[in-house]
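Below is run.csv, which holds CSV, C-alpha atoms.
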```
chain,number,residue,atom,x,y,z
C,1,MET,CA,71.3,51.0,74.1
C,2,LEU,CA,70.4,53.9,76.4
C,3,GLU,CA,67.1,54.1,78.1
C,4,THR,CA,66.9,57.4,80.0
C,5,VAL,CA,64.4,59.5,81.8
C,6,SER,CA,64.8,62.5,79.4
C,7,ASN,CA,66.4,63.6,76.2
C,8,ALA,CA,68.8,65.8,78.3
C,9,TRP,CA,70.1,62.7,80.1
C,10,THR,CA,70.4,60.9,76.8
C,11,GLU,CA,72.6,63.7,75.4
C,12,ARG,CA,74.6,63.8,78.6
C,13,LEU,CA,75.4,60.1,78.5
C,14,ALA,CA,76.0,60.0,74.8
C,15,ARG,CA,78.3,63.0,74.9
C,16,ALA,CA,80.4,61.4,77.7
C,17,ALA,CA,80.7,58.2,75.7
C,18,THR,CA,81.7,60.1,72.6
C,19,VAL,CA,84.4,61.9,74.5
C,20,GLU,CA,85.7,58.7,75.9
C,21,MET,CA,85.8,57.1,72.4
C,22,GLY,CA,88.0,59.9,71.1
C,23,GLY,CA,85.2,62.0,69.6
C,24,SER,CA,83.8,59.4,67.3
C,25,ALA,CA,80.4,57.9,67.9
C,26,LEU,CA,77.1,57.2,66.1
C,27,LEU,CA,73.7,57.7,67.6
C,28,ALA,CA,70.2,56.7,66.4
C,29,PHE,CA,67.2,58.1,68.2
C,30,TYR,CA,63.6,56.9,68.0
C,31,PRO,CA,61.9,57.5,64.7
C,32,MET,CA,59.4,60.4,64.3
C,33,SER,CA,56.8,60.5,61.6
C,34,ARG,CA,53.8,62.6,62.5
C,35,GLN,CA,55.6,64.4,65.2
C,36,ALA,CA,58.4,65.6,62.8
C,37,LYS,CA,55.9,66.7,60.2
C,38,ALA,CA,54.1,68.8,62.8
C,39,CYS,CA,57.3,70.3,64.2
C,40,VAL,CA,59.9,70.8,61.4
C,41,VAL,CA,60.2,74.0,59.3
C,42,CYS,CA,59.4,72.9,55.8
C,43,GLY,CA,62.0,73.5,53.1
C,44,THR,CA,65.0,73.9,55.5
C,45,LEU,CA,66.9,70.8,54.2
C,46,SER,CA,66.4,71.9,50.6
C,47,LEU,CA,67.5,75.4,51.5
C,48,CYS,CA,70.7,74.0,53.1
C,49,ALA,CA,71.4,72.0,50.0
C,50,ASN,CA,70.8,75.0,47.7
C,51,LEU,CA,73.1,77.2,49.9
C,52,GLY,CA,75.8,74.6,49.7
C,53,LEU,CA,75.6,74.5,45.9
C,54,GLU,CA,75.7,78.3,45.8
C,55,LEU,CA,78.7,78.4,48.1
C,56,ARG,CA,80.6,75.8,46.0
C,57,GLU,CA,79.8,77.5,42.7
C,58,SER,CA,80.9,80.8,44.0
C,59,ARG,CA,84.2,79.4,45.2
C,60,LEU,CA,84.8,77.6,42.0
C,61,SER,CA,84.3,80.8,40.0
C,62,ASN,CA,86.4,82.8,42.4
C,63,GLY,CA,83.4,84.8,43.3
C,64,ASP,CA,82.3,86.3,46.7
C,65,PRO,CA,80.8,83.4,48.7
C,66,VAL,CA,79.4,85.6,51.5
C,67,GLY,CA,77.8,87.9,48.9
C,68,ALA,CA,76.4,84.9,47.0
C,69,ILE,CA,74.8,83.5,50.1
C,70,ALA,CA,73.4,86.9,51.3
C,71,ASN,CA,72.0,87.4,47.8
C,72,LYS,CA,70.3,84.0,47.8
C,73,LEU,CA,68.7,84.7,51.2
C,74,GLY,CA,67.8,88.3,50.4
C,75,ALA,CA,70.0,89.2,53.4
C,76,SER,CA,72.5,92.0,54.1
C,77,VAL,CA,76.1,91.7,55.2
C,78,LEU,CA,76.4,93.6,58.5
C,79,PHE,CA,80.2,93.8,58.8
C,80,HIS,CA,83.5,92.5,57.4
C,81,GLY,CA,86.5,91.5,59.5
C,82,ARG,CA,89.5,89.2,59.6
C,83,LEU,CA,90.3,86.6,62.2
C,84,THR,CA,93.8,87.0,63.5
C,85,ASP,CA,93.9,84.1,66.0
C,86,MET,CA,91.7,81.2,67.1
C,87,ASP,CA,92.2,78.9,70.1
C,88,ARG,CA,89.9,75.8,69.9
C,89,ARG,CA,89.4,73.3,72.8
C,90,THR,CA,87.0,70.5,73.6
C,91,VAL,CA,85.8,70.9,77.2
C,92,GLY,CA,83.3,68.3,78.5
C,93,GLY,CA,82.4,67.2,75.0
C,94,PHE,CA,81.7,70.7,73.8
C,95,ALA,CA,83.7,72.7,71.3
C,96,ARG,CA,84.9,76.0,72.9
C,97,SER,CA,86.8,78.8,71.0
C,98,ILE,CA,88.4,82.1,71.7
C,99,VAL,CA,88.7,84.3,68.6
C,100,ALA,CA,90.8,87.4,68.1
C,101,HIS,CA,89.9,89.7,65.2
C,102,LYS,CA,90.6,93.1,63.8
```
Rewrite the structure from the file as structure tokens, please.
Amino acid sequence: MLETVSNAWTERLARAATVEMGGSALLAFYPMSRQAKACVVCGTLSLCANLGLELRESRLSNGDPVGAIANKLGASVLFHGRLTDMDRRTVGGFARSIVAHK
């Protein structure tokens, strides 16, 4: 159990513990009821679930997953590209990447 002076310290300690345990840890924070209702953006979890379904259905039908998501959101695709190389590292408990593209 962690009792800290701030959420920033909680994350700092939890991240260090996670790194020491090989990147595997579970955390449970204090429950929020009225606070969450006042602060969250309504519908975001449903939107995420619906986007996941859209993505899965598009892939199963060999469709265009990016186009399907953009269409569902009423968004536009700004650019297309191809990743040619990716270097991933974990530094201080954070994922860091360097990406090459063309």
Segment 14-64 of chain C near segment 73-77 of chain C within 12 Å: what's each residue's closest atom pair and its distance in Å to one decimal, counting only C-alpha atoms, ordered by chain then ascending residue number, as a tab-separated table?
```
residue	atom	partner	partner_atom	distance
C:Leu47	CA	C:Leu73	CA	9.4
C:Cys48	CA	C:Leu73	CA	11.0
C:Asn50	CA	C:Leu73	CA	10.5
C:Leu51	CA	C:Leu73	CA	8.8
C:Glu54	CA	C:Leu73	CA	10.9
C:Asp64	CA	C:Val77	CA	11.8
```
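The two atoms in question, atom CA of Met86 of chain C and atom CA of Ile98 of chain C, are spaced 5.7 Å apart.
The residue set within 9 Å of Pro65 of chain C, counting all atoms listed in the file and dropping same-chain residues fewer than 5 places from it, reads Glu54, Leu55, Arg56, Glu57, Ser58, Arg59 and Ala70 of chain C.
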Can you work out the spacing between atom CA of Gly67 of chain C and atom CA of Thr44 of chain C in Å, to one decimal?
20.1 Å
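Atom pair atom CA of Met1 of chain C / atom CA of Thr90 of chain C has a distance of 25.0 Å (rounded to one decimal).
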With the input short on atoms, add N, CA and C atoms back to segment 60-79 of chain C and write it as a PDB file, keeping the file's coordinate frame.
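The resulting file, selection-v5.pdb, is reproduced below:
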```pdb
ATOM      1  N   LEU C  60      84.216  78.096  43.205  1.00  0.00           N
ATOM      2  CA  LEU C  60      84.800  77.600  42.000  1.00  0.00           C
ATOM      3  C   LEU C  60      85.034  78.695  40.936  1.00  0.00           C
ATOM      4  N   SER C  61      84.158  79.687  40.959  1.00  0.00           N
ATOM      5  CA  SER C  61      84.300  80.800  40.000  1.00  0.00           C
ATOM      6  C   SER C  61      85.040  81.975  40.577  1.00  0.00           C
ATOM      7  N   ASN C  62      85.714  81.764  41.729  1.00  0.00           N
ATOM      8  CA  ASN C  62      86.400  82.800  42.400  1.00  0.00           C
ATOM      9  C   ASN C  62      85.568  84.037  42.721  1.00  0.00           C
ATOM     10  N   GLY C  63      84.309  83.777  43.012  1.00  0.00           N
ATOM     11  CA  GLY C  63      83.400  84.800  43.300  1.00  0.00           C
ATOM     12  C   GLY C  63      83.411  85.176  44.830  1.00  0.00           C
ATOM     13  N   ASP C  64      82.391  85.883  45.277  1.00  0.00           N
ATOM     14  CA  ASP C  64      82.300  86.300  46.700  1.00  0.00           C
ATOM     15  C   ASP C  64      81.267  85.350  47.352  1.00  0.00           C
ATOM     16  N   PRO C  65      81.745  84.339  48.093  1.00  0.00           N
ATOM     17  CA  PRO C  65      80.800  83.400  48.700  1.00  0.00           C
ATOM     18  C   PRO C  65      79.839  84.010  49.669  1.00  0.00           C
ATOM     19  N   VAL C  66      80.301  84.944  50.483  1.00  0.00           N
ATOM     20  CA  VAL C  66      79.400  85.600  51.500  1.00  0.00           C
ATOM     21  C   VAL C  66      78.339  86.388  50.728  1.00  0.00           C
ATOM     22  N   GLY C  67      78.739  87.130  49.708  1.00  0.00           N
ATOM     23  CA  GLY C  67      77.800  87.900  48.900  1.00  0.00           C
ATOM     24  C   GLY C  67      76.780  87.010  48.211  1.00  0.00           C
ATOM     25  N   ALA C  68      77.247  85.867  47.715  1.00  0.00           N
ATOM     26  CA  ALA C  68      76.400  84.900  47.000  1.00  0.00           C
ATOM     27  C   ALA C  68      75.305  84.377  47.953  1.00  0.00           C
ATOM     28  N   ILE C  69      75.715  84.009  49.148  1.00  0.00           N
ATOM     29  CA  ILE C  69      74.800  83.500  50.100  1.00  0.00           C
ATOM     30  C   ILE C  69      73.789  84.565  50.573  1.00  0.00           C
ATOM     31  N   ALA C  70      74.314  85.756  50.850  1.00  0.00           N
ATOM     32  CA  ALA C  70      73.400  86.900  51.300  1.00  0.00           C
ATOM     33  C   ALA C  70      72.425  87.162  50.164  1.00  0.00           C
ATOM     34  N   ASN C  71      72.860  87.156  48.917  1.00  0.00           N
ATOM     35  CA  ASN C  71      72.000  87.400  47.800  1.00  0.00           C
ATOM     36  C   ASN C  71      70.882  86.346  47.687  1.00  0.00           C
ATOM     37  N   LYS C  72      71.282  85.097  47.838  1.00  0.00           N
ATOM     38  CA  LYS C  72      70.300  84.000  47.800  1.00  0.00           C
ATOM     39  C   LYS C  72      69.268  84.068  48.856  1.00  0.00           C
ATOM     40  N   LEU C  73      69.661  84.558  50.042  1.00  0.00           N
ATOM     41  CA  LEU C  73      68.700  84.700  51.200  1.00  0.00           C
ATOM     42  C   LEU C  73      68.005  85.989  51.224  1.00  0.00           C
ATOM     43  N   GLY C  74      68.404  86.929  50.368  1.00  0.00           N
ATOM     44  CA  GLY C  74      67.800  88.300  50.400  1.00  0.00           C
ATOM     45  C   GLY C  74      68.262  88.973  51.711  1.00  0.00           C
ATOM     46  N   ALA C  75      69.493  88.696  52.131  1.00  0.00           N
ATOM     47  CA  ALA C  75      70.000  89.200  53.400  1.00  0.00           C
ATOM     48  C   ALA C  75      71.048  90.321  53.105  1.00  0.00           C
ATOM     49  N   SER C  76      71.494  90.990  54.154  1.00  0.00           N
ATOM     50  CA  SER C  76      72.500  92.000  54.100  1.00  0.00           C
ATOM     51  C   SER C  76      73.725  91.604  54.903  1.00  0.00           C
ATOM     52  N   VAL C  77      74.921  91.911  54.425  1.00  0.00           N
ATOM     53  CA  VAL C  77      76.100  91.700  55.200  1.00  0.00           C
ATOM     54  C   VAL C  77      76.273  92.849  56.160  1.00  0.00           C
ATOM     55  N   LEU C  78      76.376  92.551  57.445  1.00  0.00           N
ATOM     56  CA  LEU C  78      76.400  93.600  58.500  1.00  0.00           C
ATOM     57  C   LEU C  78      77.823  94.135  58.717  1.00  0.00           C
ATOM     58  N   PHE C  79      78.848  93.294  58.599  1.00  0.00           N
ATOM     59  CA  PHE C  79      80.200  93.800  58.800  1.00  0.00           C
ATOM     60  C   PHE C  79      81.190  92.803  58.159  1.00  0.00           C
TER      61      PHE C  79
END
```
